[in-house]
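**Q** The structure's right below; bear with me while I get my questions together.
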Amino acid sequence: MSTNGVKINGMCAAPGAMSSSFFPVESQDSMSVPNGAVCGAGCARPPVDAGVGEVCSEATSGWTRRVRVGKAPEEREMNPNRISALELSVRAYAEKRDGMVVYPSIGTSFDSLDEAYEFYNLYSWECGFGVRLAKSRLNVERKRCMQEIVCACAGKPLRENSRSTRCGCNAMIRLLRSNDKGWYIAEHKDDHNHPLTLTCGQKMHWKSHKHIDRYTKDLVKQLRDNNVGLGKVFSIVGSFFRTVDKVPFTKRSLKTLCRKLNREQSDMDAVKTMAILAEMKANDPDFNYTVQVDGESRVKTLMWVTSRGFDQYRCFGDAITFDTTYRTNLYDMLFGLFVGVNNHFQSIIFGGAMMRDEKEDTFKWIFKEFIHMVGGKHPQTILTDQARAMELAIEAELPNTVHRWCKWHVLKKAKESMGVLWSKNSDFKMEFHKLVHHMITEEEFEAGWQQMLERYSLKKHPFLTQIYEVRHKWAKPYFRGVFCAKMTSTQRSESANHMLKGYVPPGCPMHLFLKQFEKLQFNRESEQSFQEKRTLLIGVSLKNNLPLERHASKVYTRAMFEKFGEELYKCGAHVLDEIVPRKVYRSTHVDAAAREKWSKVEFTIEVDDEESFFSCECGMFEHTGLVCCHALQVMVHFLLSKIPEKHIMKRWTRDANDVLPAHLVRYQKDRGPPSSDTFRHHTMYTKALECVLLGDSNVKCYDVFMTMMKEVQATLLPLSAEKDGMGLAEREHQNQVLVEEHPGELQVEGGSTRPACDGETSCSGIIG
């Protein structure tokens, strides 16, 4: 049955809002009007449908019993033919065109508590107040059978003299269960004892009206994880609503959400970190990590090296940088990056380390573990900042590695120490940069340094005196004989740190730091793939069209070929003089008279007896692995069509990644096809290549191949301890020993030895 305009408990019910199928009988606890009684407005309550409730005995005559739901779920089954409460309310408003659009009439039915909450919240938005959940009741089966939703100002403050908005407001609705396992409004009070908010801006600051849906929460979480600022997050969310003023929540509520997300991420951080490391290990079996803990079992140092970093270090680990300037995670831990440069002249990340302090023992542990993780190979050169503890650790753990300071830190200290001399209007800054970046020889540096001190009267300046005493650690001329792969500063790791700041938000927990580090690693690998495709497919633009340039375009990667072209172009600015024919040459700059007095304008180039190596006193090849313009000028003078092999450093070539472990080095491309004197080696080699071809068909084949190969390797390892002397490695070793014992008498050709032939004299009698 339904009522039209019936007033119950002093309120007028919306037409069509009450139905006999949803209007249940109530108990005394519901505090509703007795059946047939007259309300304060003089309207009789409609009789109760016997199908909805059960009439009580004489003791409760005139009252109805609450429906017993037992173990029923809190949501009833969906019915496409059932009209929702919101639609009924909107239809009723369309008919009468008066009052509220959304009105919680007694008897209004809902499928779930969430639907009822949203319905009453819409009503509260129209009126100008907020709502919250209040008292509820569970039955003997521990299922909720009653729920009150009250005004946000209901109840009393938890303590006196507070800023609480609670003032004892009585506005509320009470929800009970219906026979069909739904919910209905059994009681509604709309009297408020406080002012109601009128404007949209005021209403949005009620807690119930600042709700952020789960999809928006997920978007905010992803943006914040990627270090997007709060203001930008709000603008991005606003773009989905076309304008910011249409966003259904305030910036304050967004800030509150971000604080909540940060707290959730910080909980159990150590456990989450170890879980991520275990997951990375499972996805990448060659991934390696180690954790150092203190006496309280807290993480003191964490270090990891990916399989990609391990492979890259084998090819490009001759010169590395290590910097610890990044310090923005939750625990204010230092983060150090081991960075190198690949054959495309791009920064590559070998590994990372998080540490709590910068003590000597900590750095010793880090360097020792890093070398262990990358296979035991020490770098030729390492560039770091000026930390004394790091310097001592390198001397102890990397005794054969050349240690240099980065120029970036020297310039930073100079800016802090020189005061007004470092201003834009002073020429001192420009001269100091020349000394740091452009000096080539020690004599040139010494002359320029003394001239600078005299010009600005700085002979007794404490900072300049201090750094001059340790000039061999940072001044470019003292790097001439040290290979640095064009990395004379830790700018590589500084740029990697700068990129990481774009991924990792300040104060992030350790596990999130690891996740974002993976993204940085992936981006670097993507850029490397682009450079490899660029080298492989994109055409070459020759500047001078010389045979040397054409040969360089086939040998070097595209990035290094462009740098080779720059050096070749500089040849035009030098004049070549022959001092000793085919032995010694002098290259002089054409603008020698116009250059600084301390600037070196003449360079001597010496050629070896075989004309296969051109040594220039500028030391650029030894320092960077790239031929300098002075040596190139002599090569052009010799009409060479190819760059001598001794001047081609493999790390800058297209085949730079073709570096195998020491026991497999005979299979590298640059070693030619491996010699095979035995039938068994040739048979196994061919069969292995066939298996590789099949295993490369799809992912499943790859997994099966790797599993079986590990089993085969484990089976053969103990059996291979006994050698019969017929293996390829043993035969090559025997041949090498024979050559060393009889130099000049035997030559090694493939895997066999034969007598050395001297033209027609010693071999003229040999016939086929």
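Please note that chains go A, B, ... in the order of the structure tokens, that every chain numbers its residues from 1, and that ligands are numbered from 1 in the order shown.
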Hey, could you make a per-residue contact list for range 257-343 of chain A against range 201-220 of chain A with 10 Å as the cut-off, showing the nearest pair of atoms and its distance in Å to one decimal, counting only C-alpha atoms, sorted by chain and number, as CSV?

**A**
residue,atom,partner,partner_atom,distance
A:Leu257,CA,A:Lys217,CA,8.0
A:Cys258,CA,A:Val220,CA,7.9
A:Leu261,CA,A:Lys217,CA,9.3

**Q** Excluding range 445-461 of chain A and its own-chain neighbours fewer than 5 positions away, which residues fall within 9 Å of it when counting only C-alpha atoms? Please give them as a PDB file with all heavy atoms, in the first residue's frame.

**A**
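In the end it all went to result-v2.pdb:
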ATOM      1  N   PHE A 428      86.821  36.817 -12.487  1.00  0.00           N
ATOM      2  CA  PHE A 428      87.498  35.744 -11.763  1.00  0.00           C
ATOM      3  C   PHE A 428      86.822  34.397 -12.020  1.00  0.00           C
ATOM      4  O   PHE A 428      87.498  33.376 -12.213  1.00  0.00           O
ATOM      5  CB  PHE A 428      87.504  36.054 -10.262  1.00  0.00           C
ATOM      6  CG  PHE A 428      88.043  34.933  -9.424  1.00  0.00           C
ATOM      7  CD1 PHE A 428      89.409  34.745  -9.280  1.00  0.00           C
ATOM      8  CD2 PHE A 428      87.176  34.040  -8.789  1.00  0.00           C
ATOM      9  CE1 PHE A 428      89.908  33.703  -8.520  1.00  0.00           C
ATOM     10  CE2 PHE A 428      87.660  32.998  -8.029  1.00  0.00           C
ATOM     11  CZ  PHE A 428      89.024  32.828  -7.884  1.00  0.00           C
ATOM     12  N   GLU A 431      87.851  32.974 -15.382  1.00  0.00           N
ATOM     13  CA  GLU A 431      89.238  32.512 -15.392  1.00  0.00           C
ATOM     14  C   GLU A 431      89.392  31.214 -14.608  1.00  0.00           C
ATOM     15  O   GLU A 431      90.134  30.311 -15.013  1.00  0.00           O
ATOM     16  CB  GLU A 431      90.152  33.595 -14.802  1.00  0.00           C
ATOM     17  CG  GLU A 431      90.381  34.770 -15.731  1.00  0.00           C
ATOM     18  CD  GLU A 431      91.582  35.595 -15.311  1.00  0.00           C
ATOM     19  OE1 GLU A 431      92.524  35.010 -14.724  1.00  0.00           O
ATOM     20  OE2 GLU A 431      91.585  36.802 -15.564  1.00  0.00           O
ATOM     21  N   PHE A 432      88.691  31.113 -13.472  1.00  0.00           N
ATOM     22  CA  PHE A 432      88.779  29.897 -12.676  1.00  0.00           C
ATOM     23  C   PHE A 432      88.210  28.705 -13.450  1.00  0.00           C
ATOM     24  O   PHE A 432      88.757  27.596 -13.398  1.00  0.00           O
ATOM     25  CB  PHE A 432      88.019  30.092 -11.361  1.00  0.00           C
ATOM     26  CG  PHE A 432      88.317  29.034 -10.341  1.00  0.00           C
ATOM     27  CD1 PHE A 432      89.438  29.117  -9.531  1.00  0.00           C
ATOM     28  CD2 PHE A 432      87.488  27.938 -10.194  1.00  0.00           C
ATOM     29  CE1 PHE A 432      89.723  28.144  -8.593  1.00  0.00           C
ATOM     30  CE2 PHE A 432      87.763  26.949  -9.261  1.00  0.00           C
ATOM     31  CZ  PHE A 432      88.884  27.058  -8.457  1.00  0.00           C
ATOM     32  N   LYS A 434      88.252  28.372 -16.666  1.00  0.00           N
ATOM     33  CA  LYS A 434      89.250  28.020 -17.684  1.00  0.00           C
ATOM     34  C   LYS A 434      90.325  27.116 -17.089  1.00  0.00           C
ATOM     35  O   LYS A 434      90.730  26.129 -17.707  1.00  0.00           O
ATOM     36  CB  LYS A 434      89.895  29.292 -18.244  1.00  0.00           C
ATOM     37  CG  LYS A 434      89.045  30.040 -19.255  1.00  0.00           C
ATOM     38  CD  LYS A 434      89.812  31.232 -19.797  1.00  0.00           C
ATOM     39  CE  LYS A 434      88.978  32.005 -20.811  1.00  0.00           C
ATOM     40  NZ  LYS A 434      89.725  33.183 -21.323  1.00  0.00           N
ATOM     41  N   LEU A 435      90.772  27.462 -15.883  1.00  0.00           N
ATOM     42  CA  LEU A 435      91.804  26.650 -15.242  1.00  0.00           C
ATOM     43  C   LEU A 435      91.303  25.234 -14.967  1.00  0.00           C
ATOM     44  O   LEU A 435      92.050  24.263 -15.083  1.00  0.00           O
ATOM     45  CB  LEU A 435      92.233  27.302 -13.920  1.00  0.00           C
ATOM     46  CG  LEU A 435      93.087  28.576 -14.032  1.00  0.00           C
ATOM     47  CD1 LEU A 435      93.215  29.241 -12.682  1.00  0.00           C
ATOM     48  CD2 LEU A 435      94.460  28.243 -14.584  1.00  0.00           C
ATOM     49  N   VAL A 436      90.039  25.111 -14.615  1.00  0.00           N
ATOM     50  CA  VAL A 436      89.491  23.807 -14.255  1.00  0.00           C
ATOM     51  C   VAL A 436      89.191  22.966 -15.490  1.00  0.00           C
ATOM     52  O   VAL A 436      89.443  21.757 -15.512  1.00  0.00           O
ATOM     53  CB  VAL A 436      88.225  23.992 -13.389  1.00  0.00           C
ATOM     54  CG1 VAL A 436      87.539  22.655 -13.137  1.00  0.00           C
ATOM     55  CG2 VAL A 436      88.578  24.648 -12.063  1.00  0.00           C
ATOM     56  N   MET A 439      92.663  23.615 -19.259  1.00  0.00           N
ATOM     57  CA  MET A 439      94.107  23.409 -19.203  1.00  0.00           C
ATOM     58  C   MET A 439      94.451  21.987 -19.642  1.00  0.00           C
ATOM     59  O   MET A 439      93.733  21.038 -19.329  1.00  0.00           O
ATOM     60  CB  MET A 439      94.630  23.645 -17.785  1.00  0.00           C
ATOM     61  CG  MET A 439      94.415  25.059 -17.297  1.00  0.00           C
ATOM     62  SD  MET A 439      95.322  26.219 -18.325  1.00  0.00           S
ATOM     63  CE  MET A 439      94.808  27.780 -17.652  1.00  0.00           C
ATOM     64  N   ILE A 440      95.588  21.843 -20.347  1.00  0.00           N
ATOM     65  CA  ILE A 440      95.970  20.537 -20.881  1.00  0.00           C
ATOM     66  C   ILE A 440      97.247  20.018 -20.231  1.00  0.00           C
ATOM     67  O   ILE A 440      97.329  18.849 -19.858  1.00  0.00           O
ATOM     68  CB  ILE A 440      96.118  20.619 -22.414  1.00  0.00           C
ATOM     69  CG1 ILE A 440      94.764  20.969 -23.050  1.00  0.00           C
ATOM     70  CG2 ILE A 440      96.642  19.298 -22.973  1.00  0.00           C
ATOM     71  CD1 ILE A 440      94.810  21.136 -24.548  1.00  0.00           C
ATOM     72  N   GLN A 466      94.614  25.881  -0.158  1.00  0.00           N
ATOM     73  CA  GLN A 466      94.290  24.501   0.211  1.00  0.00           C
ATOM     74  C   GLN A 466      94.059  23.623  -1.018  1.00  0.00           C
ATOM     75  O   GLN A 466      94.597  22.516  -1.115  1.00  0.00           O
ATOM     76  CB  GLN A 466      93.049  24.497   1.106  1.00  0.00           C
ATOM     77  CG  GLN A 466      92.616  23.109   1.543  1.00  0.00           C
ATOM     78  CD  GLN A 466      91.319  23.149   2.332  1.00  0.00           C
ATOM     79  OE1 GLN A 466      90.736  24.210   2.539  1.00  0.00           O
ATOM     80  NE2 GLN A 466      90.869  21.983   2.771  1.00  0.00           N
ATOM     81  N   TYR A 468      95.047  24.148  -4.044  1.00  0.00           N
ATOM     82  CA  TYR A 468      96.242  24.061  -4.888  1.00  0.00           C
ATOM     83  C   TYR A 468      97.171  22.952  -4.398  1.00  0.00           C
ATOM     84  O   TYR A 468      97.830  22.285  -5.191  1.00  0.00           O
ATOM     85  CB  TYR A 468      96.969  25.410  -4.885  1.00  0.00           C
ATOM     86  CG  TYR A 468      98.235  25.409  -5.709  1.00  0.00           C
ATOM     87  CD1 TYR A 468      98.175  25.443  -7.105  1.00  0.00           C
ATOM     88  CD2 TYR A 468      99.487  25.363  -5.096  1.00  0.00           C
ATOM     89  CE1 TYR A 468      99.336  25.438  -7.864  1.00  0.00           C
ATOM     90  CE2 TYR A 468     100.649  25.354  -5.847  1.00  0.00           C
ATOM     91  CZ  TYR A 468     100.569  25.388  -7.237  1.00  0.00           C
ATOM     92  OH  TYR A 468     101.718  25.372  -7.982  1.00  0.00           O
ATOM     93  N   ALA A 475      92.708  18.747 -10.802  1.00  0.00           N
ATOM     94  CA  ALA A 475      93.096  19.550 -11.968  1.00  0.00           C
ATOM     95  C   ALA A 475      93.233  18.661 -13.209  1.00  0.00           C
ATOM     96  O   ALA A 475      93.838  17.588 -13.150  1.00  0.00           O
ATOM     97  CB  ALA A 475      94.406  20.284 -11.685  1.00  0.00           C
ATOM     98  N   LYS A 476      92.692  19.115 -14.315  1.00  0.00           N
ATOM     99  CA  LYS A 476      92.648  18.325 -15.545  1.00  0.00           C
ATOM    100  C   LYS A 476      94.021  17.902 -16.060  1.00  0.00           C
ATOM    101  O   LYS A 476      94.182  16.769 -16.534  1.00  0.00           O
ATOM    102  CB  LYS A 476      91.898  19.107 -16.625  1.00  0.00           C
ATOM    103  CG  LYS A 476      91.695  18.342 -17.916  1.00  0.00           C
ATOM    104  CD  LYS A 476      90.906  19.158 -18.921  1.00  0.00           C
ATOM    105  CE  LYS A 476      90.739  18.406 -20.234  1.00  0.00           C
ATOM    106  NZ  LYS A 476      89.971  19.186 -21.222  1.00  0.00           N
ATOM    107  N   PRO A 477      95.056  18.760 -16.028  1.00  0.00           N
ATOM    108  CA  PRO A 477      96.358  18.331 -16.557  1.00  0.00           C
ATOM    109  C   PRO A 477      96.925  17.092 -15.861  1.00  0.00           C
ATOM    110  O   PRO A 477      97.671  16.323 -16.468  1.00  0.00           O
ATOM    111  CB  PRO A 477      97.252  19.551 -16.315  1.00  0.00           C
ATOM    112  CG  PRO A 477      96.318  20.701 -16.293  1.00  0.00           C
ATOM    113  CD  PRO A 477      95.071  20.195 -15.670  1.00  0.00           C
ATOM    114  N   LYS A 597      98.619  33.960 -22.942  1.00  0.00           N
ATOM    115  CA  LYS A 597     100.052  33.695 -22.849  1.00  0.00           C
ATOM    116  C   LYS A 597     100.337  32.310 -22.286  1.00  0.00           C
ATOM    117  O   LYS A 597     101.295  31.648 -22.681  1.00  0.00           O
ATOM    118  CB  LYS A 597     100.718  34.763 -21.977  1.00  0.00           C
ATOM    119  CG  LYS A 597     100.719  36.155 -22.600  1.00  0.00           C
ATOM    120  CD  LYS A 597     101.433  37.151 -21.701  1.00  0.00           C
ATOM    121  CE  LYS A 597     101.455  38.539 -22.338  1.00  0.00           C
ATOM    122  NZ  LYS A 597     102.137  39.533 -21.466  1.00  0.00           N
ATOM    123  N   TRP A 598      99.496  31.889 -21.290  1.00  0.00           N
ATOM    124  CA  TRP A 598      99.733  30.601 -20.665  1.00  0.00           C
ATOM    125  C   TRP A 598      99.132  29.446 -21.455  1.00  0.00           C
ATOM    126  O   TRP A 598      99.321  28.288 -21.113  1.00  0.00           O
ATOM    127  CB  TRP A 598      99.166  30.572 -19.250  1.00  0.00           C
ATOM    128  CG  TRP A 598      97.791  31.199 -19.108  1.00  0.00           C
ATOM    129  CD1 TRP A 598      97.500  32.442 -18.663  1.00  0.00           C
ATOM    130  CD2 TRP A 598      96.536  30.591 -19.455  1.00  0.00           C
ATOM    131  NE1 TRP A 598      96.156  32.678 -18.689  1.00  0.00           N
ATOM    132  CE2 TRP A 598      95.534  31.545 -19.166  1.00  0.00           C
ATOM    133  CE3 TRP A 598      96.157  29.356 -19.970  1.00  0.00           C
ATOM    134  CZ2 TRP A 598      94.183  31.297 -19.382  1.00  0.00           C
ATOM    135  CZ3 TRP A 598      94.814  29.111 -20.184  1.00  0.00           C
ATOM    136  CH2 TRP A 598      93.840  30.065 -19.891  1.00  0.00           C
ATOM    137  N   SER A 599      98.409  29.748 -22.534  1.00  0.00           N
ATOM    138  CA  SER A 599      97.734  28.705 -23.307  1.00  0.00           C
ATOM    139  C   SER A 599      98.733  27.998 -24.224  1.00  0.00           C
ATOM    140  O   SER A 599      99.489  28.641 -24.965  1.00  0.00           O
ATOM    141  CB  SER A 599      96.608  29.320 -24.147  1.00  0.00           C
ATOM    142  OG  SER A 599      95.979  28.335 -24.919  1.00  0.00           O
TER     143      SER A 599
END

**Q** I'd like the interatomic distance between CA of Leu223 in chain A and CA of Phe240 in chain A, to a tenth of an Å.

**A** 14.3 Å

**Q** From the list A:Lys563, A:Arg654, A:His623, A:Arg259, which residue is nearest Glu549 in chain A when using only C-alpha atoms?

**A**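 Answer, going by the shortest atom-to-atom distance: A:Lys563.
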
**Q** When distances are computed from only C-alpha atoms, which of A:His589, A:Thr465, A:Ala414, A:His630 shows the smallest separation from Ile605 in chain A?

**A**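 Result for the nearest residue to Ile605 in chain A: A:His630.
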
**Q** Taking only range 260-341 of chain A into account, list the residues labelled alpha helix (DSSP H) by DSSP (computed from the backbone), as number ranges by chain.

**A** A: 260-266, 269-283, 307-316

**Q** Please return, as a PyMOL selection string, all residues of range 173-342 of chain A that DSSP assigns to strand (DSSP E or B) on the basis of the backbone.

**A** chain A and resi 173-177+183-189+288-293+299-305+319-326+329+334-341

**Q** Have a look at CA of Tyr184 in chain A and CA of Arg97 in chain A and let me know their distance in Å, one decimal.

**A** 24.7 Å

**Q** For Leu546 in chain A, list every protein, DNA or RNA residue within 12 Å, evaluated using only C-alpha atoms, and leave out those in the same chain fewer than 6 positions away; present the list as a list in words.

**A**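 Returned residues: Ala552, Ser553, Gly565, Leu568, Tyr569, Leu632, Gln633, Met635, Val636, His637, Leu639, Leu640, Ser641, Lys642 and Ile643 of chain A.
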
**Q** For the residues in that selection, give me N, CA and C atoms as a compact mmCIF listing (two decimals), in the first residue's frame.

**A**
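And here is the file that came out, result30.txt:
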# COMPACT_ATOMS: atom_id res chain seq x y z
N ALA A 552 85.59 5.34 -39.49
CA ALA A 552 85.07 5.61 -38.14
C ALA A 552 83.57 5.41 -38.08
N SER A 553 82.85 5.76 -39.15
CA SER A 553 81.39 5.59 -39.16
C SER A 553 80.98 4.13 -39.10
N GLY A 565 84.01 13.17 -35.35
CA GLY A 565 83.89 14.21 -36.38
C GLY A 565 84.27 15.58 -35.87
N LEU A 568 88.00 15.69 -35.89
CA LEU A 568 88.49 15.78 -37.26
C LEU A 568 88.30 17.18 -37.81
N TYR A 569 87.22 17.84 -37.41
CA TYR A 569 86.97 19.22 -37.85
C TYR A 569 88.02 20.17 -37.29
N LEU A 632 95.14 12.96 -35.38
CA LEU A 632 94.36 12.76 -36.61
C LEU A 632 95.00 13.53 -37.77
N GLN A 633 95.54 14.69 -37.47
CA GLN A 633 96.19 15.48 -38.52
C GLN A 633 97.38 14.73 -39.12
N MET A 635 97.68 11.39 -39.11
CA MET A 635 97.12 10.25 -39.83
C MET A 635 96.64 10.66 -41.22
N VAL A 636 96.02 11.83 -41.32
CA VAL A 636 95.59 12.33 -42.63
C VAL A 636 96.81 12.60 -43.50
N HIS A 637 97.87 13.12 -42.87
CA HIS A 637 99.11 13.37 -43.61
C HIS A 637 99.71 12.06 -44.13
N LEU A 639 98.01 9.63 -45.13
CA LEU A 639 97.03 9.09 -46.08
C LEU A 639 96.49 7.72 -45.64
N LEU A 640 96.27 7.59 -44.34
CA LEU A 640 95.72 6.33 -43.82
C LEU A 640 94.24 6.23 -44.20
N SER A 641 93.83 5.02 -44.58
CA SER A 641 92.42 4.81 -44.93
C SER A 641 91.63 4.26 -43.74
N LYS A 642 92.35 3.77 -42.72
CA LYS A 642 91.69 3.23 -41.54
C LYS A 642 92.38 3.74 -40.28
N ILE A 643 91.60 3.84 -39.22
CA ILE A 643 92.17 4.20 -37.93
C ILE A 643 93.00 3.02 -37.42
